[in-house]
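File shown here: upload-v6.txt, holding compact mmCIF, C-alpha atoms.
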# COMPACT_ATOMS: atom_id res chain seq x y z
CA VAL A 102 -0.63 50.23 21.47
CA HIS A 103 1.65 53.10 20.37
CA GLY A 104 2.33 53.90 16.73
CA GLU A 105 5.97 52.81 16.74
CA GLY A 106 5.02 49.37 18.04
CA ARG A 107 2.21 49.04 15.51
CA ALA A 108 4.66 49.88 12.70
CA LYS A 109 7.04 47.13 13.83
CA ARG A 110 4.13 44.69 14.13
CA ALA A 111 3.03 45.56 10.59
CA MET A 112 6.52 44.72 9.29
CA ILE A 113 6.46 41.33 10.98
CA ASP A 114 2.91 40.60 9.79
CA LEU A 115 3.86 41.46 6.19
CA ALA A 116 6.90 39.19 6.40
CA ARG A 117 4.74 36.41 7.79
CA ARG A 118 2.34 36.72 4.85
CA ASN A 119 5.24 36.67 2.37
CA VAL A 120 6.86 33.58 3.91
CA ALA A 121 3.50 31.82 3.99
CA ALA A 122 2.90 32.63 0.31
CA LEU A 123 6.23 31.02 -0.62
CA CYS A 124 5.06 27.73 0.94
CA GLY A 125 1.32 27.70 0.24
CA ALA A 126 0.63 28.06 3.97
CA LYS A 127 -1.51 30.26 6.19
CA PRO A 128 0.27 33.32 7.65
CA ASP A 129 -0.60 32.32 11.22
CA HIS A 130 1.13 28.98 10.57
CA VAL A 131 4.55 30.66 10.31
CA VAL A 132 6.79 30.80 13.40
CA PHE A 133 9.91 32.95 13.09
CA THR A 134 13.20 31.71 14.54
CA SER A 135 16.83 32.85 14.48
CA GLY A 136 17.57 30.46 11.61
CA ALA A 137 17.16 26.95 10.28
CA THR A 138 19.31 25.32 12.97
CA GLU A 139 17.07 26.68 15.71
CA ALA A 140 14.01 25.59 13.75
CA ALA A 141 15.43 22.06 13.46
CA SER A 142 16.31 21.97 17.16
CA THR A 143 12.74 23.01 18.00
CA LEU A 144 11.10 20.41 15.78
CA LEU A 145 13.37 17.45 16.52
CA THR A 146 12.04 16.76 19.97
CA PRO A 147 10.15 13.85 21.55
CA ARG A 148 7.79 16.34 23.22
CA TYR A 149 4.83 17.51 21.15
CA ARG A 150 1.32 18.61 22.00
CA MET A 151 -1.95 17.86 20.25
CA GLY A 152 -4.28 20.60 21.35
CA ARG A 153 -3.72 20.79 25.10
CA GLY A 154 -2.64 17.18 25.52
CA PRO A 155 0.89 15.74 25.30
CA LEU A 156 2.00 13.75 22.26
CA VAL A 157 5.13 11.63 22.49
CA MET A 158 7.40 11.03 19.49
CA SER A 159 9.44 8.03 20.62
CA ARG A 160 11.91 7.74 17.74
CA LEU A 161 13.46 9.97 15.10
CA TYR A 162 14.22 8.73 11.58
CA VAL A 163 16.61 10.75 9.39
CA LEU A 164 18.43 10.32 6.07
CA ALA A 165 22.15 9.57 6.00
CA SER A 166 22.71 12.59 3.72
CA ASP A 167 20.72 15.08 5.82
CA HIS A 168 22.20 18.36 7.05
CA PRO A 169 24.17 18.06 10.33
CA CYS A 170 21.49 19.98 12.24
CA ILE A 171 19.10 17.13 11.37
CA LEU A 172 21.58 14.26 11.74
CA ARG A 173 22.50 15.34 15.28
CA GLY A 174 18.96 14.45 16.34
CA GLY A 175 17.96 17.59 18.21
CA GLY A 176 16.46 16.63 21.57
CA PHE A 177 16.51 12.87 20.90
CA ASP A 178 19.03 10.58 22.56
CA ALA A 179 21.43 9.01 20.08
CA ALA A 180 19.94 5.58 20.84
CA ASP A 181 16.55 6.85 19.66
CA VAL A 182 17.71 8.03 16.23
CA SER A 183 17.61 5.72 13.20
CA VAL A 184 19.47 6.60 9.99
CA VAL A 185 17.91 5.62 6.67
CA GLY A 186 20.29 5.09 3.75
CA VAL A 187 20.35 6.69 0.31
CA ASP A 188 21.28 5.22 -3.06
CA ARG A 189 24.16 6.12 -5.39
CA ASP A 190 22.19 9.15 -6.59
CA GLY A 191 21.46 10.32 -3.05
CA ILE A 192 17.78 9.37 -3.18
CA ALA A 193 16.23 8.02 0.02
CA ASP A 194 15.89 4.24 0.28
CA LEU A 195 12.09 4.14 0.44
CA HIS A 196 12.00 0.38 1.03
CA GLN A 197 14.22 0.75 4.09
CA LEU A 198 12.15 3.69 5.35
CA LYS A 199 8.95 1.67 5.02
CA SER A 200 10.56 -1.32 6.72
CA VAL A 201 11.81 0.60 9.76
CA LEU A 202 8.51 2.43 10.15
CA ASP A 203 6.55 -0.84 9.89
CA ALA A 204 8.70 -2.15 12.74
CA HIS A 205 8.25 1.00 14.85
CA ASP A 206 6.91 0.30 18.37
CA LYS A 207 3.84 2.53 18.59
CA ASP A 208 3.28 1.54 22.21
CA ARG A 209 6.22 3.80 23.12
CA GLY A 210 5.06 6.70 20.97
CA LEU A 211 4.82 7.88 17.37
CA PRO A 212 7.59 8.05 14.77
CA LEU A 213 9.03 11.42 13.74
CA VAL A 214 10.69 11.51 10.32
CA ALA A 215 12.94 14.32 9.11
CA CYS A 216 14.44 14.71 5.65
CA HIS A 217 15.69 17.38 3.29
CA MET A 218 13.72 18.39 0.24
CA ALA A 219 16.93 19.16 -1.65
CA ASN A 220 20.44 18.31 -0.52
CA ASN A 221 22.68 21.17 0.54
CA GLU A 222 25.78 19.67 -1.11
CA SER A 223 24.63 17.73 -4.16
CA GLY A 224 21.37 19.54 -4.92
CA VAL A 225 19.60 16.16 -5.23
CA ILE A 226 15.82 16.47 -4.84
CA GLN A 227 14.08 13.92 -2.63
CA PRO A 228 10.68 12.33 -3.50
CA VAL A 229 9.03 14.07 -0.55
CA GLY A 230 5.51 13.13 -1.65
CA GLU A 231 6.37 9.42 -1.57
CA ILE A 232 8.16 9.81 1.75
CA ALA A 233 5.14 11.62 3.19
CA ALA A 234 2.78 8.83 2.09
CA ILE A 235 4.92 6.24 3.88
CA VAL A 236 5.12 8.37 7.03
CA LYS A 237 1.37 9.02 7.13
CA LYS A 238 0.59 5.33 6.72
CA ALA A 239 2.82 4.67 9.74
CA GLY A 240 0.98 7.32 11.75
CA GLY A 241 4.02 9.58 12.05
CA LEU A 242 4.90 13.23 11.56
CA LEU A 243 7.15 14.55 8.79
CA VAL A 244 9.60 17.44 9.12
CA VAL A 245 10.99 18.66 5.78
CA ASP A 246 14.16 20.72 5.61
CA ALA A 247 13.25 23.03 2.71
CA VAL A 248 16.18 25.40 3.19
CA GLN A 249 17.87 24.64 -0.14
CA ALA A 250 14.63 24.15 -2.07
CA ALA A 251 13.02 27.47 -1.14
CA GLY A 252 13.17 29.90 -4.03
CA ARG A 253 14.47 27.19 -6.36
CA LEU A 254 11.50 24.82 -6.42
CA PRO A 255 7.78 25.50 -6.09
CA ILE A 256 6.73 24.58 -2.54
CA ASP A 257 3.26 23.82 -1.24
CA ILE A 258 3.31 22.34 2.25
CA ASN A 259 -0.07 20.66 1.86
CA ALA A 260 0.65 19.21 -1.58
CA LEU A 261 3.95 17.82 -0.28
CA GLY A 262 2.23 16.12 2.64
CA ALA A 263 4.69 17.61 5.13
CA ASP A 264 3.66 18.50 8.66
CA PHE A 265 6.46 21.04 9.12
CA LEU A 266 8.88 22.92 6.89
CA ILE A 267 12.18 24.51 7.87
CA LEU A 268 13.29 27.71 6.09
CA SER A 269 16.32 30.01 6.26
CA SER A 270 16.44 33.69 5.29
CA HIS A 271 19.99 33.97 4.01
CA LYS A 272 19.66 30.95 1.72
CA ILE A 273 17.25 32.95 -0.46
CA GLY A 274 19.19 36.21 -0.32
CA GLY A 275 17.74 37.66 2.87
CA PRO A 276 19.72 38.69 5.95
CA GLN A 277 21.34 36.23 8.30
CA GLY A 278 19.70 35.73 11.68
CA ALA A 279 16.19 34.75 10.59
CA GLY A 280 14.47 31.48 9.76
CA ALA A 281 11.06 29.93 10.12
CA ILE A 282 9.02 26.91 11.01
CA VAL A 283 6.04 26.56 8.69
CA VAL A 284 3.27 24.23 9.83
CA ALA A 285 0.48 22.53 7.92
CA SER A 286 -1.80 22.66 10.97
CA ASP A 287 -1.19 24.19 14.38
CA LEU A 288 -3.23 21.44 16.02
CA VAL A 289 0.03 19.50 16.58
CA MET A 290 3.05 21.54 17.68
CA PRO A 291 6.38 20.85 19.37
CA GLU A 292 7.01 22.04 22.89
CA PRO A 293 8.80 25.41 22.66
CA LEU A 294 12.59 25.29 22.66
CA ILE A 295 12.78 28.88 23.95
CA ARG A 296 10.32 29.96 26.62
CA GLY A 297 9.74 33.44 27.95
CA GLY A 298 7.52 36.33 27.03
CA GLY A 299 5.15 34.47 24.73
CA GLN A 300 6.14 35.93 21.36
CA GLU A 301 5.16 33.97 18.23
CA LYS A 302 2.00 32.78 20.04
CA GLY A 303 4.19 31.13 22.66
CA HIS A 304 5.96 28.88 20.16
CA ARG A 305 9.22 30.88 20.23
CA ALA A 306 9.84 33.42 22.97
CA GLY A 307 12.21 36.39 22.71
CA THR A 308 11.94 39.85 21.20
CA GLU A 309 11.64 39.53 17.44
CA ASN A 310 14.61 40.47 15.24
CA VAL A 311 12.51 42.90 13.23
CA PRO A 312 15.12 43.98 10.62
CA ALA A 313 16.09 40.38 9.85
CA ILE A 314 12.47 39.21 9.73
CA ALA A 315 11.47 42.12 7.46
CA GLY A 316 14.39 41.32 5.15
CA PHE A 317 13.42 37.65 5.19
CA GLY A 318 9.90 38.55 4.10
CA ALA A 319 11.18 40.76 1.28
CA ALA A 320 13.53 38.00 0.10
CA THR A 321 10.70 35.45 -0.01
CA ARG A 322 8.63 37.79 -2.16
CA VAL A 323 11.49 38.23 -4.63
CA ALA A 324 12.24 34.48 -4.58
CA LEU A 325 8.64 33.67 -5.44
CA GLU A 326 8.66 36.19 -8.29
CA ASN A 327 11.91 34.79 -9.69
CA LEU A 328 10.88 31.13 -9.75
CA ALA A 329 10.03 31.61 -13.41
CA GLN A 330 13.72 32.25 -14.17
CA ILE A 331 14.93 28.89 -12.84
CA GLY A 332 15.07 27.48 -16.39
CA LYS A 333 17.68 30.10 -17.31
CA VAL A 334 19.73 29.22 -14.23
CA GLN A 335 19.65 25.52 -15.16
CA ALA A 336 20.78 26.27 -18.71
CA LEU A 337 23.74 28.21 -17.29
CA ARG A 338 24.57 25.36 -14.90
CA ASP A 339 24.57 22.94 -17.83
CA ARG A 340 27.14 25.17 -19.59
CA PHE A 341 29.35 25.10 -16.50
CA GLU A 342 29.14 21.31 -16.47
CA GLN A 343 30.01 21.15 -20.18
CA MET A 344 33.12 23.20 -19.41
CA LEU A 345 34.02 20.80 -16.63
CA ARG A 346 33.87 17.80 -18.96
CA ALA A 347 35.77 19.61 -21.72
CA HIS A 348 38.70 20.52 -19.47
CA ILE A 349 38.72 17.60 -17.01
CA GLU A 350 37.81 14.45 -18.94
CA ASP A 351 37.60 12.22 -15.87
CA VAL A 352 35.59 14.66 -13.75
CA VAL A 353 32.75 13.04 -11.78
CA ILE A 354 29.54 15.05 -11.57
CA ILE A 355 27.71 13.65 -8.57
CA ALA A 356 24.14 12.42 -9.15
CA GLU A 357 24.27 13.72 -12.70
CA SER A 358 21.21 11.73 -13.79
CA ALA A 359 19.14 12.38 -10.65
CA PRO A 360 16.66 15.23 -10.14
CA ARG A 361 18.77 18.16 -8.92
CA LEU A 362 18.37 21.81 -8.11
CA ALA A 363 18.97 24.01 -11.14
CA ASN A 364 21.72 26.01 -9.46
CA THR A 365 23.92 23.30 -7.93
CA THR A 366 26.74 21.05 -9.17
CA LEU A 367 28.80 18.82 -6.88
CA PHE A 368 31.81 17.45 -8.70
CA VAL A 369 34.97 15.50 -7.97
CA ILE A 370 38.33 15.90 -9.72
CA PRO A 371 40.04 12.52 -9.20
CA GLY A 372 43.47 12.62 -7.61
CA PHE A 373 43.42 16.38 -7.04
CA LYS A 374 43.41 17.83 -3.53
CA THR A 375 40.40 19.88 -2.50
CA GLU A 376 42.51 22.69 -1.06
CA THR A 377 44.58 22.93 -4.25
CA ALA A 378 41.46 23.13 -6.42
CA GLN A 379 39.86 25.75 -4.17
CA ILE A 380 42.99 27.91 -4.34
CA ALA A 381 43.08 27.65 -8.13
CA PHE A 382 39.45 28.76 -8.40
CA ASP A 383 39.95 31.51 -5.82
CA LEU A 384 42.87 32.95 -7.80
CA ALA A 385 40.50 33.14 -10.78
CA GLY A 386 37.99 35.07 -8.68
CA ILE A 387 35.60 32.17 -8.09
CA ALA A 388 34.53 31.05 -4.61
CA LEU A 389 33.64 27.36 -4.47
CA SER A 390 32.89 25.46 -1.29
CA ALA A 391 34.27 22.07 -0.33
CA GLY A 392 30.86 20.52 0.25
CA SER A 393 28.48 22.42 2.47
CA ALA A 394 28.98 26.11 3.20
CA CYS A 395 27.80 25.27 6.72
CA SER A 396 31.13 23.54 7.34
CA SER A 397 33.33 26.25 5.85
CA GLY A 398 36.90 26.20 7.12
CA LYS A 399 36.70 22.46 7.82
CA VAL A 400 38.06 20.63 4.80
CA GLY A 401 37.41 16.94 5.19
CA ASP A 402 35.43 13.99 3.94
CA SER A 403 31.84 14.71 2.97
CA HIS A 404 29.25 12.65 4.85
CA VAL A 405 26.92 13.18 1.87
CA LEU A 406 29.35 11.55 -0.56
CA ALA A 407 30.05 8.78 1.95
CA ALA A 408 26.32 8.09 2.29
CA MET A 409 26.09 7.84 -1.50
CA GLY A 410 28.94 5.32 -1.61
CA TYR A 411 31.66 7.54 -3.11
CA SER A 412 35.27 7.35 -2.00
CA GLN A 413 37.07 10.57 -1.09
CA ALA A 414 39.96 10.09 -3.56
CA GLY A 415 39.85 13.56 -5.07
CA SER A 416 38.54 17.07 -4.60
CA ALA A 417 34.82 17.39 -3.96
CA LEU A 418 33.67 20.91 -4.79
CA ARG A 419 30.24 22.49 -4.89
CA LEU A 420 29.41 25.03 -7.57
CA SER A 421 26.42 27.25 -6.82
CA ILE A 422 25.13 29.82 -9.30
CA GLY A 423 22.37 32.39 -9.24
CA ARG A 424 20.46 34.87 -11.35
CA SER A 425 23.40 37.30 -11.31
CA THR A 426 25.86 34.72 -12.67
CA GLY A 427 26.79 35.41 -16.29
CA GLU A 428 29.40 35.36 -19.04
CA ARG A 429 32.15 36.93 -16.92
CA GLU A 430 31.86 34.12 -14.40
CA LEU A 431 31.86 31.52 -17.19
CA GLU A 432 35.11 32.97 -18.53
CA ALA A 433 36.73 32.99 -15.08
CA PHE A 434 35.60 29.39 -14.56
CA ALA A 435 37.16 28.34 -17.86
CA GLN A 436 40.42 30.07 -16.87
CA ALA A 437 40.51 28.21 -13.56
CA LEU A 438 39.82 24.89 -15.27
CA THR A 439 42.65 25.51 -17.74
CA SER A 440 45.03 26.12 -14.82
CA ILE A 441 43.87 23.00 -12.98
CA ALA A 442 44.15 20.82 -16.09
CA GLU A 443 47.70 22.05 -16.68
CA ARG A 444 48.73 21.40 -13.06
CA ARG A 445 47.32 17.89 -13.27
CA ARG A 446 49.25 17.21 -16.47
CA ASN A 447 52.46 18.54 -14.93
CA GLY A 448 51.87 16.43 -11.83
CA SER A 449 51.35 13.31 -13.95
CA ARG A 450 54.55 13.93 -15.93
CA ALA A 451 56.51 14.48 -12.71
CA ALA A 452 55.13 11.25 -11.28
What would the structure in this file look like if it were written as structure tokens?
Amino acid sequence: VHGEGRAKRAMIDLARRNVAALCGAKPDHVVFTSGATEAASTLLTPRYRMGRGPLVMSRLYVLASDHPCILRGGGFDAADVSVVGVDRDGIADLHQLKSVLDAHDKDRGLPLVACHMANNESGVIQPVGEIAAIVKKAGGLLVVDAVQAAGRLPIDINALGADFLILSSHKIGGPQGAGAIVVASDLVMPEPLIRGGGQEKGHRAGTENVPAIAGFGAATRVALENLAQIGKVQALRDRFEQMLRAHIEDVVIIAESAPRLANTTLFVIPGFKTETAQIAFDLAGIALSAGSACSSGKVGDSHVLAAMGYSQAGSALRLSIGRSTGERELEAFAQALTSIAERRRNGSRAA
């Protein structure tokens, strides 16, 4: 009732409108969370409600290249999670998805399908519309991890055919500690993961993180405005990839011919250790991740590459660029590649 509380509420309401606008959704169909992992944990549950009645999701279907917060299955037992494969380009095997959903036992409950819109390591874009059509025909619900796609691809939850979207604030330049579940219709909702005071219309209890949510809303507004600049980002990424090929002739650019995000390149330098390559780039002032940033500090085989059928004989590195990336970064990248190429030549001569 007091003015200070109304001011905080106005900040949250504005953020809700901004997040909704990014996804073509209604503002009251946005539920704020602490991040994408919490959103995934909330949505990946067997326990849903349709109106006031219970709705059971008896099995979860995920892609082999999904983010770990999806692959872990949320509230489903491991025995009730099916993994659908991807092809060499990282695209979902739609025939397998249709086959497993056709065989789904609806007497036990409905199928719940979760997939990413764009991969967090390779940048590969999934045919979400086709996936949604298969899921709807099977009578299931579709959860789409749109964390990497937000701000880099136009998103309309209804046009995609998704029932739920997962978003993350810091992936579009907002503060850490905020994320969202965006729903196509609040007629069907998961049982709350966090219960308590009834915030977020009872879908997510706990006092709202107002600064993070406000920053999230501001970031979504900027991301929506900057979608028109994605072509420039892609042109810059193409220049980075040209440099890669010029300096490292046998470099492998993962899913090069597949639809990919404009800002992402996942590449492998055959026979060169990941840690060595990262150090070389770091010395040139460039921070590259070994796969997903969500597994930073844990250098190891990439489950995404494994799902796509690639061996791990070399360094897999992810290059991510943004609107602020420019000529200085291109020059530093070229310097690092020159150093790496020289070290590889010296290593070959020594061998």
| field | Protein, DNA and RNA residues within 10 Å of (22.5, 33.3, -10.7), only C-alpha atoms, as a PyMOL selection string | value | chain A and resi 330-331+333-335+337-338+363-364+421-427
| task | Tell me, in Å to one decimal, how far atom CA of Cys216 of chain A is from atom CA of Ala356 of chain A. | result |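 Going from atom CA of Cys216 of chain A over to atom CA of Ala356 of chain A covers 17.8 Å.
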| task | Find the residues around Pro212 of chain A up to 8 Å (only C-alpha atoms counted), leave out those fewer than 2 positions away in its own chain, and share them as a PyMOL selection string. | result | chain A and resi 158-162+202+205+207+210+214+239-242
| task | Rank A:Asn310, A:Gln277, A:Thr321, A:Ser270 by their smallest atom-to-atom distance to Leu115 of chain A, using all atoms listed in the file, and report the top residue only. | result | A:Thr321
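When only C-alpha atoms are used to compute distances to Pro155 of chain A, the closest of the residues A:Leu288, A:Ala435, A:Val352, A:Ala442 turns out to be A:Leu288.
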| query | Quick one: of A:Glu357, A:Phe434, A:Pro291, A:Thr365, who's nearest to Ala381 of chain A, counting only C-alpha atoms? | reply | A:Phe434
| With only C-alpha atoms as the basis for distance, which of A:Gly106, A:Gly136, A:Gly252, A:Gly410 is at the shortest distance from Ala165 of chain A? | A:Gly410
Let me have the centre and edge lengths of the axis-aligned box enclosing all listed atoms of segment 203-211 of chain A with 6 Å padding on every side, in Å to one decimal, as AutoDock Vina command-line options.
--center_x 6.0 --center_y 2.9 --center_z 16.5 --size_x 17.4 --size_y 22.0 --size_z 25.2
| task | Mind giving me the straight-line distance from atom CA of Leu144 of chain A to atom CA of Thr366 of chain A in Å, one decimal? | result |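 Between atom CA of Leu144 of chain A and atom CA of Thr366 of chain A the gap works out to 29.5 Å.
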| message | Excluding His404 of chain A and its own-chain neighbours fewer than 2 positions away, which residues fall within 12 Å of it when counting all atoms listed in the file? Please give them as a VMD selection string. | response | chain A and resid 164 to 169 172 186 to 187 191 220 to 223 391 to 393 396 400 to 402 406 to 413 417
If you keep C-alpha atoms, can you produce a file of those selected residues as a tab-separated table (two decimals), keeping the file's coordinate frame?
chain	number	residue	atom	x	y	z
A	164	LEU	CA	18.43	10.32	6.07
A	165	ALA	CA	22.15	9.57	6.00
A	166	SER	CA	22.71	12.59	3.72
A	167	ASP	CA	20.72	15.08	5.82
A	168	HIS	CA	22.20	18.36	7.05
A	169	PRO	CA	24.17	18.06	10.33
A	172	LEU	CA	21.58	14.26	11.74
A	186	GLY	CA	20.29	5.09	3.75
A	187	VAL	CA	20.35	6.69	0.31
A	191	GLY	CA	21.46	10.32	-3.05
A	220	ASN	CA	20.44	18.31	-0.52
A	221	ASN	CA	22.68	21.17	0.54
A	222	GLU	CA	25.78	19.67	-1.11
A	223	SER	CA	24.63	17.73	-4.16
A	391	ALA	CA	34.27	22.07	-0.33
A	392	GLY	CA	30.86	20.52	0.25
A	393	SER	CA	28.48	22.42	2.47
A	396	SER	CA	31.13	23.54	7.34
A	400	VAL	CA	38.06	20.63	4.80
A	401	GLY	CA	37.41	16.94	5.19
A	402	ASP	CA	35.43	13.99	3.94
A	406	LEU	CA	29.35	11.55	-0.56
A	407	ALA	CA	30.05	8.78	1.95
A	408	ALA	CA	26.32	8.09	2.29
A	409	MET	CA	26.09	7.84	-1.50
A	410	GLY	CA	28.94	5.32	-1.61
A	411	TYR	CA	31.66	7.54	-3.11
A	412	SER	CA	35.27	7.35	-2.00
A	413	GLN	CA	37.07	10.57	-1.09
A	417	ALA	CA	34.82	17.39	-3.96
| note | Students should find that atom CA of Leu213 of chain A and atom CA of Gly299 of chain A are spaced 25.8 Å
| Which one of A:Ile349, A:Ala359, A:Leu294, A:Ala116 sits closest to Thr138 of chain A if you count only C-alpha atoms? |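 Residue with the minimum atom-to-atom distance to Thr138 of chain A: A:Leu294.
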| query | Of the candidates A:Ile295, A:Ala108, A:Leu254, A:Ile226, which one gets nearest to Ser142 of chain A if we count all atoms listed in the file? | reply |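 For Ser142 of chain A, the nearest of the candidates is A:Ile295.
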| field | Exercise: Val248 of chain A partners within 6 Å, all atoms listed in the file, chain neighbours under 2 positions left out, as a ChimeraX atom specification | value | /A:246,250-251,268-269
| message | Here's a test: counting only C-alpha atoms, identify every protein, DNA and RNA residue with an atom at most 10 Å from (4.6, 24.9, -8.6) in the file's coordinate frame, and state them as a PyMOL selection string. | response | chain A and resi 124-125+254-257+260+328-329
Dump C-alpha atoms for the selected residues as a short mmCIF file (atom, residue, chain, number, x, y, z; two decimals), in the frame of the given file?
data_model
loop_
_atom_site.label_atom_id
_atom_site.label_comp_id
_atom_site.auth_asym_id
_atom_site.auth_seq_id
_atom_site.Cartn_x
_atom_site.Cartn_y
_atom_site.Cartn_z
CA CYS A 124 5.06 27.73 0.94
CA GLY A 125 1.32 27.70 0.24
CA LEU A 254 11.50 24.82 -6.42
CA PRO A 255 7.78 25.50 -6.09
CA ILE A 256 6.73 24.58 -2.54
CA ASP A 257 3.26 23.82 -1.24
CA ALA A 260 0.65 19.21 -1.58
CA LEU A 328 10.88 31.13 -9.75
CA ALA A 329 10.03 31.61 -13.41
#
| request: Tell me which protein, DNA and RNA residues are within 10 Å of Asp178 of chain A, counting only C-alpha atoms, leaving out same-chain ones fewer than 3 positions away, and put them as a list in words. | output: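 In the requested form, the answer reads Thr146, Pro147, Arg160, Leu161, Arg173, Gly174, Gly175, Asp181 and Val182 of chain A.
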